[in-house]
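Q: This is the structure I want to talk about, given as structure tokens.
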Amino acid sequence: MAPIISNDLDKYFSDVDIPDELRDDIDSLKAWLEKQPHLPKVSDRQLLVFFNVNQQSTERTKKFLECHYTIRTHAPDFFSNRTVDEFRNIADYLHLNILAGKTVEGHKLEVISLKDFTVSKFNLAQCCKYMFAMSDIASHEVLDNNKGWRILFDMNGFGLGHFLRFHPAVVKKCILYVQDALPLQLKGIHIINAIPLVHQILAMVKPIMKKEVYDLIQIHTSSEWESLYKVVPQELLPSDFGGKDQSMDQLHGNSLKKLEHYANWFKEEEKLRVDETKRHGHAKDPSEIFGIEGSFRKLCVD
């Protein structure tokens with residue numbers, strides 16, 4: 001097996017112990033991992049995160065581990081070169097912030113928006129890289145994240161030019177990871193300041209999505225904020241959106257500092273990948289896992 005992550009998880013998250021009542025389950029998962037030579041060896045803390053995300057089901061966690069690390073191995077555009085310089089480059093045009101408050105149900109909130117509307121700067125794979133990096137941190141730092149997350153995508157400034165820079169392979173990899181391997185429980189996907197183009201986008205991604213994930217999507221136009229407030233109280237939002245949290249720019253600075261703090265962790269995490277030469281049966285390759293070619297440009301124009 002690949003080497004463990006140099007105990008970095010223990011260093012960063014040493015205030016969290018494995019509950020006694022879950023020790024047998026974690027030990028069972030470790031024993032199973034020992035029989036999967038292609039999978040990396042991960043820390044007890046990481047196993048606990050995955051176990052909780054999967055409703056404390058060992059069988060679901062096994063499938064999750066397989067999918068999580070297989071996708072990470074074969075999607076280097078999302079999960080390699082996760083460096084401070086790379087994050088700063090992405091942060092030049094993208095806001096991605098975790099908010100301080102929680103909904104009545106205990107759901108945490110993440111807001112994603114364009115910081116710079118320049119079309120030529122927009123890169124969907126980079127946006128996914130940034131989003132998944134923040135999700136990694138959140139999955140460990142928010143100890144009660146089992147109650148779930150709501151993601152808010154702000155379409156302000158987004159247009160056809162940005163959409164034409166979508167590539168189907170990137171879109172499919174993103175969707176597969178979110179619905180099968182994201183270490184967070186999604187409770188809602190809210191598209192705010194939605195523009196008419198959103199319906200074309202959703203029509204194209206719907207065939208790729210699992211129904212239970214697609215059903216999480218809620219659309220809120222600039223005149224329909226009340227529908228959002230029914231689920232996400234206004235006071236929880238950034239001040240830019242009429243809430244009481246910090247502004248997106250202020251939160252943006254905090255997010256960058258957080259990513260910088262975890263620079264060494266991301267470097268170590270890149271060692272946790274699948275070794276296809278040791279997989280039982282036949283090795284997998286990206287075309288088998290993702291299997292999509294072409295461009296949304298043609299689909300959109302047609």
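Ligands are numbered from 1 in the order shown, residues from 1 within each chain, and chains are lettered A, B, ... in the order they appear in the structure tokens.
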Excluding Arg150 in chain A and residues on its chain fewer than 5 positions from it, collect all residues at most 12 Å away from it, counting only C-alpha atoms, and give them as a VMD selection string.
A: chain A and resid 98 to 99 101 to 103 105 to 112 135 145 184 to 191 216 to 218 228 231 to 232
Q: Suppose we keep C-alpha atoms; can you now write the selection as an mmCIF file, in the first residue's frame?
A:
data_model
loop_
_atom_site.group_PDB
_atom_site.id
_atom_site.type_symbol
_atom_site.label_atom_id
_atom_site.label_comp_id
_atom_site.auth_asym_id
_atom_site.auth_seq_id
_atom_site.Cartn_x
_atom_site.Cartn_y
_atom_site.Cartn_z
ATOM 1 C CA ILE A 98 -17.648 29.077 3.703
ATOM 2 C CA LEU A 99 -20.061 31.093 5.819
ATOM 3 C CA GLY A 101 -23.663 30.495 10.319
ATOM 4 C CA LYS A 102 -25.878 27.448 9.987
ATOM 5 C CA THR A 103 -29.488 27.014 8.936
ATOM 6 C CA GLU A 105 -31.490 22.330 10.313
ATOM 7 C CA GLY A 106 -27.799 22.761 11.092
ATOM 8 C CA HIS A 107 -26.686 22.916 7.466
ATOM 9 C CA LYS A 108 -23.421 24.723 6.724
ATOM 10 C CA LEU A 109 -23.234 27.087 3.748
ATOM 11 C CA GLU A 110 -20.768 27.690 0.950
ATOM 12 C CA VAL A 111 -21.101 30.531 -1.570
ATOM 13 C CA ILE A 112 -19.428 30.511 -4.992
ATOM 14 C CA SER A 135 -14.422 20.843 0.652
ATOM 15 C CA ASN A 145 -20.748 18.434 8.954
ATOM 16 C CA LEU A 184 -19.629 16.234 2.398
ATOM 17 C CA GLN A 185 -23.349 15.510 2.552
ATOM 18 C CA LEU A 186 -25.188 17.819 0.173
ATOM 19 C CA LYS A 187 -28.598 19.009 1.308
ATOM 20 C CA GLY A 188 -29.177 21.666 -1.323
ATOM 21 C CA ILE A 189 -27.703 23.260 -4.455
ATOM 22 C CA HIS A 190 -29.033 26.791 -4.850
ATOM 23 C CA ILE A 191 -28.488 28.767 -8.049
ATOM 24 C CA LEU A 216 -31.363 19.091 -4.758
ATOM 25 C CA ILE A 217 -31.119 21.946 -7.276
ATOM 26 C CA GLN A 218 -33.241 25.020 -6.615
ATOM 27 C CA LEU A 228 -34.054 31.205 -0.848
ATOM 28 C CA VAL A 231 -34.335 27.668 3.436
ATOM 29 C CA VAL A 232 -31.371 29.962 4.093
#
Q: Any chance you could list, as number ranges by chain, the residues in range 22-78 of chain A that come up helix (DSSP H, G or I) when DSSP is run on the backbone?
A: A: 22-34, 44-53, 58-74, 76-78
Q: Any chance you can output those residues with N, CA and C atoms as a compact mmCIF listing (two decimals), in the first residue's frame?
A:
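Result file selection_34.txt:
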# COMPACT_ATOMS: atom_id res chain seq x y z
N LEU A 22 -17.35 3.61 17.77
CA LEU A 22 -17.08 3.46 16.34
C LEU A 22 -15.75 2.78 16.06
N ARG A 23 -14.99 2.47 17.10
CA ARG A 23 -13.66 1.90 16.91
C ARG A 23 -13.72 0.59 16.13
N ASP A 24 -14.68 -0.28 16.44
CA ASP A 24 -14.78 -1.56 15.73
C ASP A 24 -15.04 -1.35 14.24
N ASP A 25 -15.88 -0.35 13.92
CA ASP A 25 -16.18 -0.07 12.52
C ASP A 25 -14.94 0.44 11.78
N ILE A 26 -14.22 1.34 12.41
CA ILE A 26 -13.01 1.88 11.79
C ILE A 26 -11.97 0.78 11.62
N ASP A 27 -11.83 -0.08 12.62
CA ASP A 27 -10.89 -1.20 12.51
C ASP A 27 -11.30 -2.16 11.39
N SER A 28 -12.60 -2.34 11.22
CA SER A 28 -13.09 -3.20 10.14
C SER A 28 -12.74 -2.61 8.78
N LEU A 29 -12.87 -1.31 8.64
CA LEU A 29 -12.51 -0.65 7.39
C LEU A 29 -11.01 -0.74 7.13
N LYS A 30 -10.22 -0.59 8.17
CA LYS A 30 -8.77 -0.71 8.02
C LYS A 30 -8.39 -2.12 7.57
N ALA A 31 -9.04 -3.12 8.14
CA ALA A 31 -8.76 -4.50 7.76
C ALA A 31 -9.13 -4.74 6.30
N TRP A 32 -10.25 -4.15 5.88
CA TRP A 32 -10.66 -4.28 4.47
C TRP A 32 -9.65 -3.60 3.55
N LEU A 33 -9.19 -2.41 3.94
CA LEU A 33 -8.21 -1.69 3.13
C LEU A 33 -6.93 -2.50 2.95
N GLU A 34 -6.53 -3.24 3.96
CA GLU A 34 -5.32 -4.05 3.87
C GLU A 34 -5.43 -5.09 2.76
N ASP A 44 -6.86 6.97 10.49
CA ASP A 44 -8.12 6.69 11.18
C ASP A 44 -9.06 7.89 11.09
N ARG A 45 -8.50 9.08 11.20
CA ARG A 45 -9.33 10.30 11.16
C ARG A 45 -10.02 10.43 9.81
N GLN A 46 -9.29 10.13 8.73
CA GLN A 46 -9.88 10.21 7.40
C GLN A 46 -10.99 9.17 7.26
N LEU A 47 -10.75 7.98 7.77
CA LEU A 47 -11.77 6.94 7.71
C LEU A 47 -13.02 7.35 8.48
N LEU A 48 -12.83 8.03 9.60
CA LEU A 48 -13.97 8.48 10.38
C LEU A 48 -14.80 9.50 9.59
N VAL A 49 -14.12 10.42 8.91
CA VAL A 49 -14.82 11.40 8.08
C VAL A 49 -15.67 10.69 7.03
N PHE A 50 -15.05 9.76 6.31
CA PHE A 50 -15.76 9.05 5.26
C PHE A 50 -16.91 8.20 5.82
N PHE A 51 -16.67 7.58 6.96
CA PHE A 51 -17.67 6.73 7.60
C PHE A 51 -18.90 7.56 7.99
N ASN A 52 -18.68 8.73 8.54
CA ASN A 52 -19.79 9.60 8.94
C ASN A 52 -20.55 10.13 7.73
N VAL A 53 -19.82 10.51 6.68
CA VAL A 53 -20.46 11.01 5.47
C VAL A 53 -21.39 9.95 4.87
N THR A 58 -20.55 0.65 6.81
CA THR A 58 -19.24 0.18 6.35
C THR A 58 -19.26 -0.16 4.87
N GLU A 59 -20.35 -0.75 4.38
CA GLU A 59 -20.40 -1.12 2.96
C GLU A 59 -20.43 0.11 2.07
N ARG A 60 -21.19 1.12 2.46
CA ARG A 60 -21.21 2.36 1.68
C ARG A 60 -19.85 3.04 1.72
N THR A 61 -19.20 2.98 2.86
CA THR A 61 -17.88 3.61 3.00
C THR A 61 -16.86 2.91 2.12
N LYS A 62 -16.92 1.60 2.00
CA LYS A 62 -16.01 0.87 1.13
C LYS A 62 -16.17 1.32 -0.32
N LYS A 63 -17.40 1.43 -0.78
CA LYS A 63 -17.66 1.88 -2.14
C LYS A 63 -17.19 3.33 -2.32
N PHE A 64 -17.40 4.12 -1.29
CA PHE A 64 -16.98 5.52 -1.33
C PHE A 64 -15.47 5.63 -1.45
N LEU A 65 -14.74 4.87 -0.65
CA LEU A 65 -13.27 4.89 -0.71
C LEU A 65 -12.78 4.53 -2.10
N GLU A 66 -13.36 3.51 -2.68
CA GLU A 66 -12.98 3.09 -4.03
C GLU A 66 -13.20 4.21 -5.03
N CYS A 67 -14.38 4.81 -4.99
CA CYS A 67 -14.72 5.86 -5.94
C CYS A 67 -13.91 7.13 -5.68
N HIS A 68 -13.79 7.50 -4.42
CA HIS A 68 -13.09 8.73 -4.03
C HIS A 68 -11.66 8.74 -4.56
N TYR A 69 -10.93 7.69 -4.29
CA TYR A 69 -9.52 7.70 -4.68
C TYR A 69 -9.31 7.35 -6.15
N THR A 70 -10.23 6.61 -6.74
CA THR A 70 -10.11 6.34 -8.17
C THR A 70 -10.31 7.61 -8.97
N ILE A 71 -11.33 8.39 -8.64
CA ILE A 71 -11.56 9.65 -9.34
C ILE A 71 -10.40 10.61 -9.11
N ARG A 72 -9.92 10.70 -7.88
CA ARG A 72 -8.80 11.61 -7.59
C ARG A 72 -7.56 11.22 -8.39
N THR A 73 -7.36 9.95 -8.58
CA THR A 73 -6.19 9.49 -9.33
C THR A 73 -6.30 9.86 -10.80
N HIS A 74 -7.50 9.73 -11.36
CA HIS A 74 -7.68 9.92 -12.79
C HIS A 74 -8.23 11.30 -13.16
N PRO A 76 -6.38 14.47 -12.52
CA PRO A 76 -5.30 15.33 -12.02
C PRO A 76 -5.57 16.81 -12.21
N ASP A 77 -6.45 17.16 -13.17
CA ASP A 77 -6.76 18.57 -13.34
C ASP A 77 -7.52 19.13 -12.13
N PHE A 78 -8.13 18.26 -11.34
CA PHE A 78 -8.80 18.68 -10.11
C PHE A 78 -7.92 18.50 -8.87
Q: To one decimal place in Å, what is the distance between CA of Ala100 in chain A and CA of Gln250 in chain A?
A: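 Computing the Euclidean distance for CA of Ala100 in chain A and CA of Gln250 in chain A yields 12.4 Å.
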Q: Rounded to one decimal, what separation in Å do you get between CA of Lys211 in chain A and CA of Asp136 in chain A?
A: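 According to the coordinates, CA of Lys211 in chain A and CA of Asp136 in chain A are separated by 24.5 Å.
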Q: Excluding Phe79 in chain A and residues on its chain fewer than 5 positions from it, collect all residues at most 12 Å away from it, counting only C-alpha atoms, and give them as a ChimeraX atom specification.
A: /A:68-74,86,125-134,136,173-174,177,266-273
Q: Can you spit out the residues from that selection as a tab-separated table (two decimals), in the first residue's frame, using C-alpha atoms?
A:
chain	number	residue	atom	x	y	z
A	68	HIS	CA	-13.09	8.73	-4.03
A	69	TYR	CA	-9.52	7.70	-4.68
A	70	THR	CA	-10.11	6.34	-8.17
A	71	ILE	CA	-11.56	9.65	-9.34
A	72	ARG	CA	-8.80	11.61	-7.59
A	73	THR	CA	-6.19	9.49	-9.33
A	74	HIS	CA	-7.68	9.92	-12.79
A	86	GLU	CA	-2.36	27.82	-8.10
A	125	ALA	CA	-11.44	22.71	-14.09
A	126	GLN	CA	-9.70	25.31	-11.93
A	127	CYS	CA	-13.00	26.24	-10.30
A	128	CYS	CA	-13.56	22.57	-9.45
A	129	LYS	CA	-10.03	22.30	-8.06
A	130	TYR	CA	-10.66	25.27	-5.77
A	131	MET	CA	-14.08	24.02	-4.69
A	132	PHE	CA	-12.89	20.50	-3.89
A	133	ALA	CA	-9.88	21.81	-1.96
A	134	MET	CA	-12.16	23.87	0.26
A	136	ASP	CA	-11.47	18.79	1.87
A	173	LYS	CA	-15.82	14.48	-13.87
A	174	CYS	CA	-17.12	17.22	-11.62
A	177	TYR	CA	-17.09	13.38	-7.99
A	266	PHE	CA	-2.42	19.23	0.11
A	267	LYS	CA	1.11	18.24	-0.90
A	268	GLU	CA	0.91	15.12	1.26
A	269	GLU	CA	-2.61	14.29	0.13
A	270	GLU	CA	-1.43	13.97	-3.47
A	271	LYS	CA	0.42	10.82	-2.40
A	272	LEU	CA	-2.87	9.10	-1.62
A	273	ARG	CA	-3.76	7.72	-5.02
Q: For Pro207 in chain A, please output as a short mmCIF file (atom, residue, chain, number, x, y, z; two decimals) with C-alpha atoms, in the first residue's frame all residues within 12 Å (counting only C-alpha atoms; exclusion window: fewer than 4 positions along the same chain).
A:
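Heads up, here's the output in result-v1.cif:
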data_model
loop_
_atom_site.label_atom_id
_atom_site.label_comp_id
_atom_site.auth_asym_id
_atom_site.auth_seq_id
_atom_site.Cartn_x
_atom_site.Cartn_y
_atom_site.Cartn_z
CA VAL A 171 -18.40 18.68 -16.39
CA LYS A 172 -18.84 14.93 -16.13
CA ILE A 175 -20.60 15.73 -11.40
CA LEU A 176 -19.33 12.19 -10.80
CA ILE A 201 -27.19 24.15 -18.62
CA LEU A 202 -29.41 21.99 -16.44
CA ALA A 203 -30.96 20.27 -19.45
CA LYS A 211 -31.97 11.93 -9.72
CA VAL A 213 -28.65 14.97 -6.75
CA TYR A 214 -30.56 16.76 -9.50
#
Q: What lies within 8 Å of Leu256 in chain A using only C-alpha atoms, ignoring chain neighbours under 5 positions off, as a ChimeraX atom specification?
A: /A:87-88,91
Q: With a distance cut-off of 8 Å and only C-alpha atoms, select the neighbouring residues of range 276-284 of chain A, excluding the residue or stretch itself and same-chain residues fewer than 6 positions from it, and output the selection as a count of residues only.
A: 3
Q: Mind listing the strand (DSSP E) residues of range 8-170 of chain A, per DSSP on the backbone, as an mmCIF file with C-alpha atoms, in the first residue's frame?
A:
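The new file result.cif reads:
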data_model
loop_
_atom_site.group_PDB
_atom_site.id
_atom_site.type_symbol
_atom_site.label_atom_id
_atom_site.label_comp_id
_atom_site.auth_asym_id
_atom_site.auth_seq_id
_atom_site.Cartn_x
_atom_site.Cartn_y
_atom_site.Cartn_z
ATOM 1 C CA LEU A 94 -13.343 33.300 -8.261
ATOM 2 C CA HIS A 95 -14.938 33.794 -4.850
ATOM 3 C CA LEU A 96 -15.515 30.614 -2.852
ATOM 4 C CA ASN A 97 -16.342 31.114 0.793
ATOM 5 C CA ILE A 98 -17.648 29.077 3.703
ATOM 6 C CA LEU A 99 -20.061 31.093 5.819
ATOM 7 C CA ALA A 100 -20.031 31.270 9.598
ATOM 8 C CA GLY A 101 -23.663 30.495 10.319
ATOM 9 C CA LYS A 102 -25.878 27.448 9.987
ATOM 10 C CA LYS A 108 -23.421 24.723 6.724
ATOM 11 C CA LEU A 109 -23.234 27.087 3.748
ATOM 12 C CA GLU A 110 -20.768 27.690 0.950
ATOM 13 C CA VAL A 111 -21.101 30.531 -1.570
ATOM 14 C CA ILE A 112 -19.428 30.511 -4.992
ATOM 15 C CA SER A 113 -19.405 33.505 -7.327
ATOM 16 C CA LEU A 114 -17.313 35.177 -9.998
ATOM 17 C CA TRP A 149 -24.178 21.427 3.380
ATOM 18 C CA ARG A 150 -25.963 23.806 1.062
ATOM 19 C CA ILE A 151 -23.990 25.227 -1.844
ATOM 20 C CA LEU A 152 -24.995 28.599 -3.312
ATOM 21 C CA PHE A 153 -23.872 29.361 -6.872
ATOM 22 C CA ASP A 154 -24.222 33.044 -7.756
#
Q: Near Ser239 in chain A, counting only C-alpha atoms, which residues have an atom at most 12 Å away, once you skip same-chain residues fewer than 5 positions from it, shown as a ChimeraX atom specification?
A: /A:99,234,244-251
